[in-house]
Amino acid sequence: MLLGVVAVLIGLIDHPPHGTDVLYAAFGAALAVGLVVVLVVRLGRAVRTLRLLAGPRTALPVRFDDGSGGTGTVTLPDGTRAYFTLHDSPRELIREIERAGTLHVTAAAPGKVLAGLPGGDEFARATLTLCSLPRSSVMRRLRRRTVAFAAVAAAGAGLEGAAAVLIGGALPWVLPVPVLLAVAATALWRARVAHVVRLLAAGPWTSITAATMATEVDGGPVSGWVVFPDGLRGRFHIEHCPPDVAAELLRRRRLWVAGEPRPGHVAVGLPEGDTVAAAWLAVKDRHATQPDHRRS
């Protein structure tokens with residue numbers, strides 16, 4: 001199949017189509033390349049699945065979300081919290097995992113893994129996601145994603161230039177669509193970490209008074225009230241609250257913010273800690289932000 005695709009591409013280069021034949025040739029080439037990509041991806045996924053199933057499994061303490069059926073939190077061997085999502089998992093397997101309180105995974109690290117029970121034949125694909133980003137690895141992640149974004153953009157530009165020079169016709173006008181989609185997806189993937197880096201660069205850590213009605217936080221969303229340094233009251237929301245931030249919030253009623261506390265997105269964490277999360281601060285009374293109200 002791969003040799004056939006190569007032969008078709010060589011034929012297009014040696015005898016470039018003209019007129020409406022360009023669209024037909026581009027459509028046929030796209031179908032052939034797409035078929036090869038699908039076969040390679042499926043083969044690679046099958047090989048990876050067999051390799052993971054043959055390896056050891058790690059038992060992780062698990063806690064399912066109420067009524068979710070396939071999502072919850074786990075504790076990794078280093079003590080960090082991670083969210084998990086089971087994909088297309090049989091209901092019997094979910095009930096067995098929930099009853100045992102343990103999730104056996106093929107790799108105790110963020111990413112796509114296989115989950116099941118020891119000695120069982122059933123398994124399910126799962127995705128592990130850290131509840132919070134380690135502060136020490138944020139810049140490293142941003143550099144890797146920046147390199148990936150530059151590589152995708154350069155490859156797209158090179159592919160477009162090669163199509164314009166070697167093939168011509170209508171293909172250079174059609175090719176930018178998937179190229180731009182790939183570049184946009186990579187840019188969004190990079191922007192998620194870049195947003196956290198910008199929030200961390202806002203300034204030194206500032207402590208503000210905060211409180212929440214929650215009595216136990218297990219890496220999930222947390223909402224509550226805050227008091228800004230100028231006395232204004234507001235609200236906060238942390239979608240994925242790190243355990244150390246939650247402990248500080250529950251025990252001392254303090255929330256540490258990178259830079260000056262202000263309405264909008266901010267980074268929260270602990271000055272001596274290594275976890276960071278994005279939070280949203282909002283002033284409770286909109287009229288309280290007016291200068292006349294402050295002076296009064």
# chains A, B, ... in the order shown; residues from 1 in each chain; ligands from 1
call {"tool": "select_by_dssp", "arguments": {"residues": "stretch 120-221 of chain A", "states": "helix (DSSP H, G or I)", "output": "number ranges by chain"}}
result
A: 135-167, 171-174, 176-200
call {"tool": "residues_around", "arguments": {"residues": "A:Ala115", "least_positions_apart": "2", "cutoff": "12 Å", "atoms": "only C-alpha atoms", "output": "NGL selection string"}}
result
:A and (49 or 52-53 or 56-60 or 62 or 70 or 84-90 or 93-94 or 96-97 or 102-108 or 112-113 or 117-118 or 120-128)
call {"tool": "write_last_selection", "arguments": {"atoms": "N, CA and C atoms", "output": "compact mmCIF listing (two decimals), in the first residue's frame"}}
result
# COMPACT_ATOMS: atom_id res chain seq x y z
N THR A 49 -0.90 -1.35 22.55
CA THR A 49 -1.80 -2.02 23.50
C THR A 49 -1.25 -3.36 23.93
N LEU A 52 1.69 -2.82 26.29
CA LEU A 52 1.28 -2.39 27.62
C LEU A 52 0.66 -3.54 28.41
N LEU A 53 -0.14 -4.37 27.72
CA LEU A 53 -0.77 -5.49 28.41
C LEU A 53 0.26 -6.51 28.90
N PRO A 56 4.09 -4.77 33.48
CA PRO A 56 3.52 -4.75 34.84
C PRO A 56 2.47 -3.66 34.99
N ARG A 57 1.66 -3.81 36.03
CA ARG A 57 0.62 -2.83 36.32
C ARG A 57 0.84 -2.25 37.71
N THR A 58 0.42 -1.01 37.87
CA THR A 58 0.58 -0.30 39.14
C THR A 58 -0.80 -0.04 39.73
N ALA A 59 -0.94 -0.33 41.02
CA ALA A 59 -2.21 -0.11 41.72
C ALA A 59 -2.24 1.31 42.28
N LEU A 60 -3.29 2.05 41.94
CA LEU A 60 -3.45 3.43 42.40
C LEU A 60 -4.76 3.55 43.17
N VAL A 62 -8.14 4.98 44.11
CA VAL A 62 -9.05 5.65 43.20
C VAL A 62 -10.26 6.16 43.97
N GLY A 70 -17.37 7.00 35.13
CA GLY A 70 -16.08 6.71 34.51
C GLY A 70 -15.02 7.75 34.74
N PHE A 84 -8.70 10.92 36.19
CA PHE A 84 -8.72 9.84 35.24
C PHE A 84 -10.09 9.80 34.56
N THR A 85 -10.08 9.35 33.33
CA THR A 85 -11.30 9.16 32.55
C THR A 85 -11.22 7.81 31.86
N LEU A 86 -12.19 6.94 32.11
CA LEU A 86 -12.25 5.64 31.45
C LEU A 86 -13.07 5.77 30.17
N HIS A 87 -12.52 5.27 29.07
CA HIS A 87 -13.17 5.39 27.77
C HIS A 87 -13.76 4.03 27.37
N ASP A 88 -15.04 4.02 27.06
CA ASP A 88 -15.73 2.81 26.59
C ASP A 88 -15.50 1.63 27.54
N SER A 89 -15.62 1.89 28.81
CA SER A 89 -15.38 0.84 29.81
C SER A 89 -16.67 0.09 30.11
N PRO A 90 -16.62 -1.24 30.20
CA PRO A 90 -17.82 -2.00 30.59
C PRO A 90 -18.29 -1.61 31.98
N LEU A 93 -16.82 -3.65 34.81
CA LEU A 93 -15.45 -3.29 35.19
C LEU A 93 -15.44 -2.06 36.08
N ILE A 94 -16.28 -1.07 35.76
CA ILE A 94 -16.33 0.14 36.59
C ILE A 94 -16.80 -0.19 38.00
N GLU A 96 -16.48 -3.06 39.55
CA GLU A 96 -15.44 -3.81 40.24
C GLU A 96 -14.32 -2.88 40.73
N ILE A 97 -13.94 -1.92 39.90
CA ILE A 97 -12.89 -0.97 40.30
C ILE A 97 -13.38 -0.11 41.46
N THR A 102 -9.36 0.60 43.92
CA THR A 102 -8.01 0.62 43.36
C THR A 102 -8.10 0.52 41.84
N LEU A 103 -7.31 1.33 41.18
CA LEU A 103 -7.23 1.32 39.72
C LEU A 103 -5.87 0.78 39.32
N HIS A 104 -5.83 -0.33 38.62
CA HIS A 104 -4.58 -0.93 38.15
C HIS A 104 -4.31 -0.45 36.73
N VAL A 105 -3.23 0.31 36.57
CA VAL A 105 -2.90 0.91 35.29
C VAL A 105 -1.57 0.38 34.80
N THR A 106 -1.37 0.47 33.48
CA THR A 106 -0.13 -0.02 32.89
C THR A 106 1.02 0.96 33.04
N ALA A 107 0.72 2.21 33.34
CA ALA A 107 1.76 3.22 33.55
C ALA A 107 1.22 4.28 34.49
N ALA A 108 1.90 4.49 35.61
CA ALA A 108 1.46 5.47 36.61
C ALA A 108 2.03 6.84 36.28
N LYS A 112 -2.15 8.52 28.21
CA LYS A 112 -3.10 7.46 27.90
C LYS A 112 -2.53 6.12 28.38
N VAL A 113 -3.32 5.40 29.16
CA VAL A 113 -2.90 4.12 29.72
C VAL A 113 -4.04 3.13 29.57
N LEU A 117 -8.30 -4.82 36.22
CA LEU A 117 -8.12 -5.48 37.51
C LEU A 117 -7.10 -6.60 37.35
N PRO A 118 -6.30 -6.87 38.40
CA PRO A 118 -5.30 -7.93 38.29
C PRO A 118 -5.95 -9.29 38.08
N GLY A 120 -7.74 -10.17 35.62
CA GLY A 120 -8.95 -10.09 34.81
C GLY A 120 -8.64 -9.98 33.34
N ASP A 121 -9.61 -10.33 32.51
CA ASP A 121 -9.44 -10.26 31.07
C ASP A 121 -9.95 -8.93 30.48
N GLU A 122 -10.76 -8.22 31.22
CA GLU A 122 -11.32 -6.98 30.72
C GLU A 122 -10.41 -5.81 31.08
N PHE A 123 -10.31 -4.88 30.16
CA PHE A 123 -9.54 -3.66 30.40
C PHE A 123 -10.21 -2.53 29.63
N ALA A 124 -9.81 -1.32 29.96
CA ALA A 124 -10.36 -0.14 29.30
C ALA A 124 -9.25 0.89 29.10
N ARG A 125 -9.40 1.67 28.06
CA ARG A 125 -8.47 2.78 27.85
C ARG A 125 -8.80 3.89 28.85
N ALA A 126 -7.76 4.50 29.39
CA ALA A 126 -7.93 5.56 30.38
C ALA A 126 -6.96 6.70 30.09
N THR A 127 -7.34 7.88 30.52
CA THR A 127 -6.48 9.06 30.39
C THR A 127 -6.24 9.65 31.77
N LEU A 128 -4.98 9.82 32.11
CA LEU A 128 -4.60 10.43 33.38
C LEU A 128 -4.13 11.85 33.12
call {"tool": "residues_around", "arguments": {"residues": "A:Arg145", "least_positions_apart": "6", "cutoff": "8 Å", "atoms": "only C-alpha atoms", "output": "PyMOL selection string"}}
result
chain A and resi 186+189-190
call {"tool": "residues_around", "arguments": {"residues": "A:Pro172", "least_positions_apart": "5", "cutoff": "7 Å", "atoms": "only C-alpha atoms", "output": "PyMOL selection string"}}
result
chain A and resi 160+163-164
call {"tool": "select_by_dssp", "arguments": {"residues": "stretch 43-288 of chain A", "states": "strand (DSSP E or B)", "output": "MDAnalysis selection string"}}
result
chainID A and resid 58:64 71:75 81:87 102:105 111:116 123:130 133:134 205:211 222:227 233:238 254:258 264:269 275:283
call {"tool": "atom_distance", "arguments": {"atom1": "atom CA of A:Val174", "atom2": "atom CA of A:Ala155"}}
result
16.0 Å
call {"tool": "closest_residue", "arguments": {"among": "A:Met139, A:Ala182, A:Glu272, A:Val74", "to": "A:Ala154", "atoms": "only C-alpha atoms"}}
result
A:Ala182
call {"tool": "closest_residue", "arguments": {"among": "A:Leu175, A:Thr146, A:Gly156, A:Leu232", "to": "A:Ala191", "atoms": "only C-alpha atoms"}}
result
A:Thr146
call {"tool": "atom_distance", "arguments": {"atom1": "atom CA of A:Leu200", "atom2": "atom CA of A:Val147"}}
result
21.0 Å
call {"tool": "decode", "arguments": {"residues": "stretch 272-285 of chain A", "atoms": "all heavy atoms", "output": "PDB file, in the first residue's frame"}}
result
ATOM      1  N   GLU A 272       6.481  28.337  48.803  1.00  0.00           N
ATOM      2  CA  GLU A 272       7.486  27.286  48.959  1.00  0.00           C
ATOM      3  C   GLU A 272       7.078  25.992  48.271  1.00  0.00           C
ATOM      4  O   GLU A 272       7.815  24.995  48.326  1.00  0.00           O
ATOM      5  CB  GLU A 272       7.730  27.006  50.444  1.00  0.00           C
ATOM      6  CG  GLU A 272       6.563  26.348  51.173  1.00  0.00           C
ATOM      7  CD  GLU A 272       5.473  27.327  51.586  1.00  0.00           C
ATOM      8  OE1 GLU A 272       5.617  28.531  51.248  1.00  0.00           O
ATOM      9  OE2 GLU A 272       4.501  26.903  52.230  1.00  0.00           O
ATOM     10  N   GLY A 273       5.910  25.968  47.625  1.00  0.00           N
ATOM     11  CA  GLY A 273       5.426  24.750  46.987  1.00  0.00           C
ATOM     12  C   GLY A 273       5.872  24.658  45.544  1.00  0.00           C
ATOM     13  O   GLY A 273       6.556  25.541  44.998  1.00  0.00           O
ATOM     14  N   ASP A 274       5.475  23.550  44.889  1.00  0.00           N
ATOM     15  CA  ASP A 274       5.880  23.316  43.501  1.00  0.00           C
ATOM     16  C   ASP A 274       4.682  23.134  42.582  1.00  0.00           C
ATOM     17  O   ASP A 274       4.848  22.799  41.424  1.00  0.00           O
ATOM     18  CB  ASP A 274       6.781  22.069  43.428  1.00  0.00           C
ATOM     19  CG  ASP A 274       7.420  21.912  42.047  1.00  0.00           C
ATOM     20  OD1 ASP A 274       7.863  22.930  41.479  1.00  0.00           O
ATOM     21  OD2 ASP A 274       7.437  20.791  41.519  1.00  0.00           O
ATOM     22  N   THR A 275       3.483  23.347  43.076  1.00  0.00           N
ATOM     23  CA  THR A 275       2.299  23.205  42.238  1.00  0.00           C
ATOM     24  C   THR A 275       1.688  24.572  41.984  1.00  0.00           C
ATOM     25  O   THR A 275       1.821  25.502  42.791  1.00  0.00           O
ATOM     26  CB  THR A 275       1.251  22.299  42.910  1.00  0.00           C
ATOM     27  OG1 THR A 275       0.918  22.823  44.202  1.00  0.00           O
ATOM     28  CG2 THR A 275       1.780  20.886  43.050  1.00  0.00           C
ATOM     29  N   VAL A 276       1.034  24.686  40.860  1.00  0.00           N
ATOM     30  CA  VAL A 276       0.391  25.936  40.479  1.00  0.00           C
ATOM     31  C   VAL A 276      -0.895  25.602  39.736  1.00  0.00           C
ATOM     32  O   VAL A 276      -0.994  24.563  39.077  1.00  0.00           O
ATOM     33  CB  VAL A 276       1.323  26.791  39.598  1.00  0.00           C
ATOM     34  CG1 VAL A 276       1.629  26.088  38.297  1.00  0.00           C
ATOM     35  CG2 VAL A 276       0.724  28.159  39.331  1.00  0.00           C
ATOM     36  N   ALA A 277      -1.882  26.456  39.879  1.00  0.00           N
ATOM     37  CA  ALA A 277      -3.159  26.281  39.192  1.00  0.00           C
ATOM     38  C   ALA A 277      -3.696  27.652  38.817  1.00  0.00           C
ATOM     39  O   ALA A 277      -3.368  28.667  39.453  1.00  0.00           O
ATOM     40  CB  ALA A 277      -4.160  25.528  40.065  1.00  0.00           C
ATOM     41  N   ALA A 278      -4.504  27.685  37.790  1.00  0.00           N
ATOM     42  CA  ALA A 278      -5.152  28.926  37.379  1.00  0.00           C
ATOM     43  C   ALA A 278      -6.454  29.099  38.143  1.00  0.00           C
ATOM     44  O   ALA A 278      -7.200  28.141  38.345  1.00  0.00           O
ATOM     45  CB  ALA A 278      -5.416  28.926  35.876  1.00  0.00           C
ATOM     46  N   ALA A 279      -6.709  30.319  38.588  1.00  0.00           N
ATOM     47  CA  ALA A 279      -7.924  30.627  39.345  1.00  0.00           C
ATOM     48  C   ALA A 279      -8.584  31.855  38.740  1.00  0.00           C
ATOM     49  O   ALA A 279      -7.961  32.628  37.998  1.00  0.00           O
ATOM     50  CB  ALA A 279      -7.599  30.867  40.817  1.00  0.00           C
ATOM     51  N   TRP A 280      -9.854  32.032  39.074  1.00  0.00           N
ATOM     52  CA  TRP A 280     -10.618  33.177  38.593  1.00  0.00           C
ATOM     53  C   TRP A 280     -11.096  33.972  39.792  1.00  0.00           C
ATOM     54  O   TRP A 280     -11.743  33.431  40.682  1.00  0.00           O
ATOM     55  CB  TRP A 280     -11.798  32.729  37.750  1.00  0.00           C
ATOM     56  CG  TRP A 280     -12.720  33.849  37.350  1.00  0.00           C
ATOM     57  CD1 TRP A 280     -13.902  34.199  37.918  1.00  0.00           C
ATOM     58  CD2 TRP A 280     -12.517  34.779  36.281  1.00  0.00           C
ATOM     59  NE1 TRP A 280     -14.456  35.275  37.285  1.00  0.00           N
ATOM     60  CE2 TRP A 280     -13.622  35.659  36.276  1.00  0.00           C
ATOM     61  CE3 TRP A 280     -11.498  34.950  35.340  1.00  0.00           C
ATOM     62  CZ2 TRP A 280     -13.730  36.684  35.355  1.00  0.00           C
ATOM     63  CZ3 TRP A 280     -11.632  35.985  34.424  1.00  0.00           C
ATOM     64  CH2 TRP A 280     -12.730  36.837  34.427  1.00  0.00           C
ATOM     65  N   LEU A 281     -10.749  35.257  39.829  1.00  0.00           N
ATOM     66  CA  LEU A 281     -11.187  36.158  40.882  1.00  0.00           C
ATOM     67  C   LEU A 281     -12.168  37.162  40.300  1.00  0.00           C
ATOM     68  O   LEU A 281     -11.977  37.656  39.185  1.00  0.00           O
ATOM     69  CB  LEU A 281      -9.998  36.901  41.503  1.00  0.00           C
ATOM     70  CG  LEU A 281      -8.888  36.056  42.132  1.00  0.00           C
ATOM     71  CD1 LEU A 281      -7.824  36.954  42.736  1.00  0.00           C
ATOM     72  CD2 LEU A 281      -9.445  35.116  43.181  1.00  0.00           C
ATOM     73  N   ALA A 282     -13.214  37.459  41.047  1.00  0.00           N
ATOM     74  CA  ALA A 282     -14.220  38.419  40.598  1.00  0.00           C
ATOM     75  C   ALA A 282     -14.693  39.233  41.784  1.00  0.00           C
ATOM     76  O   ALA A 282     -14.829  38.715  42.899  1.00  0.00           O
ATOM     77  CB  ALA A 282     -15.402  37.713  39.940  1.00  0.00           C
ATOM     78  N   VAL A 283     -14.916  40.513  41.569  1.00  0.00           N
ATOM     79  CA  VAL A 283     -15.450  41.392  42.606  1.00  0.00           C
ATOM     80  C   VAL A 283     -16.931  41.090  42.781  1.00  0.00           C
ATOM     81  O   VAL A 283     -17.681  40.995  41.789  1.00  0.00           O
ATOM     82  CB  VAL A 283     -15.228  42.869  42.249  1.00  0.00           C
ATOM     83  CG1 VAL A 283     -15.875  43.771  43.283  1.00  0.00           C
ATOM     84  CG2 VAL A 283     -13.742  43.159  42.133  1.00  0.00           C
ATOM     85  N   LYS A 284     -17.352  40.922  44.021  1.00  0.00           N
ATOM     86  CA  LYS A 284     -18.736  40.552  44.288  1.00  0.00           C
ATOM     87  C   LYS A 284     -19.695  41.657  43.896  1.00  0.00           C
ATOM     88  O   LYS A 284     -20.740  41.427  43.293  1.00  0.00           O
ATOM     89  CB  LYS A 284     -18.911  40.212  45.770  1.00  0.00           C
ATOM     90  CG  LYS A 284     -20.279  39.690  46.128  1.00  0.00           C
ATOM     91  CD  LYS A 284     -20.347  39.302  47.591  1.00  0.00           C
ATOM     92  CE  LYS A 284     -21.724  38.769  47.955  1.00  0.00           C
ATOM     93  NZ  LYS A 284     -21.801  38.390  49.389  1.00  0.00           N
ATOM     94  N   ASP A 285     -19.354  42.919  44.245  1.00  0.00           N
ATOM     95  CA  ASP A 285     -20.205  44.071  43.941  1.00  0.00           C
ATOM     96  C   ASP A 285     -19.551  44.844  42.816  1.00  0.00           C
ATOM     97  O   ASP A 285     -18.481  45.425  42.993  1.00  0.00           O
ATOM     98  CB  ASP A 285     -20.359  44.952  45.182  1.00  0.00           C
ATOM     99  CG  ASP A 285     -21.334  46.109  44.945  1.00  0.00           C
ATOM    100  OD1 ASP A 285     -21.915  46.167  43.842  1.00  0.00           O
ATOM    101  OD2 ASP A 285     -21.500  46.930  45.852  1.00  0.00           O
TER     102      ASP A 285
END
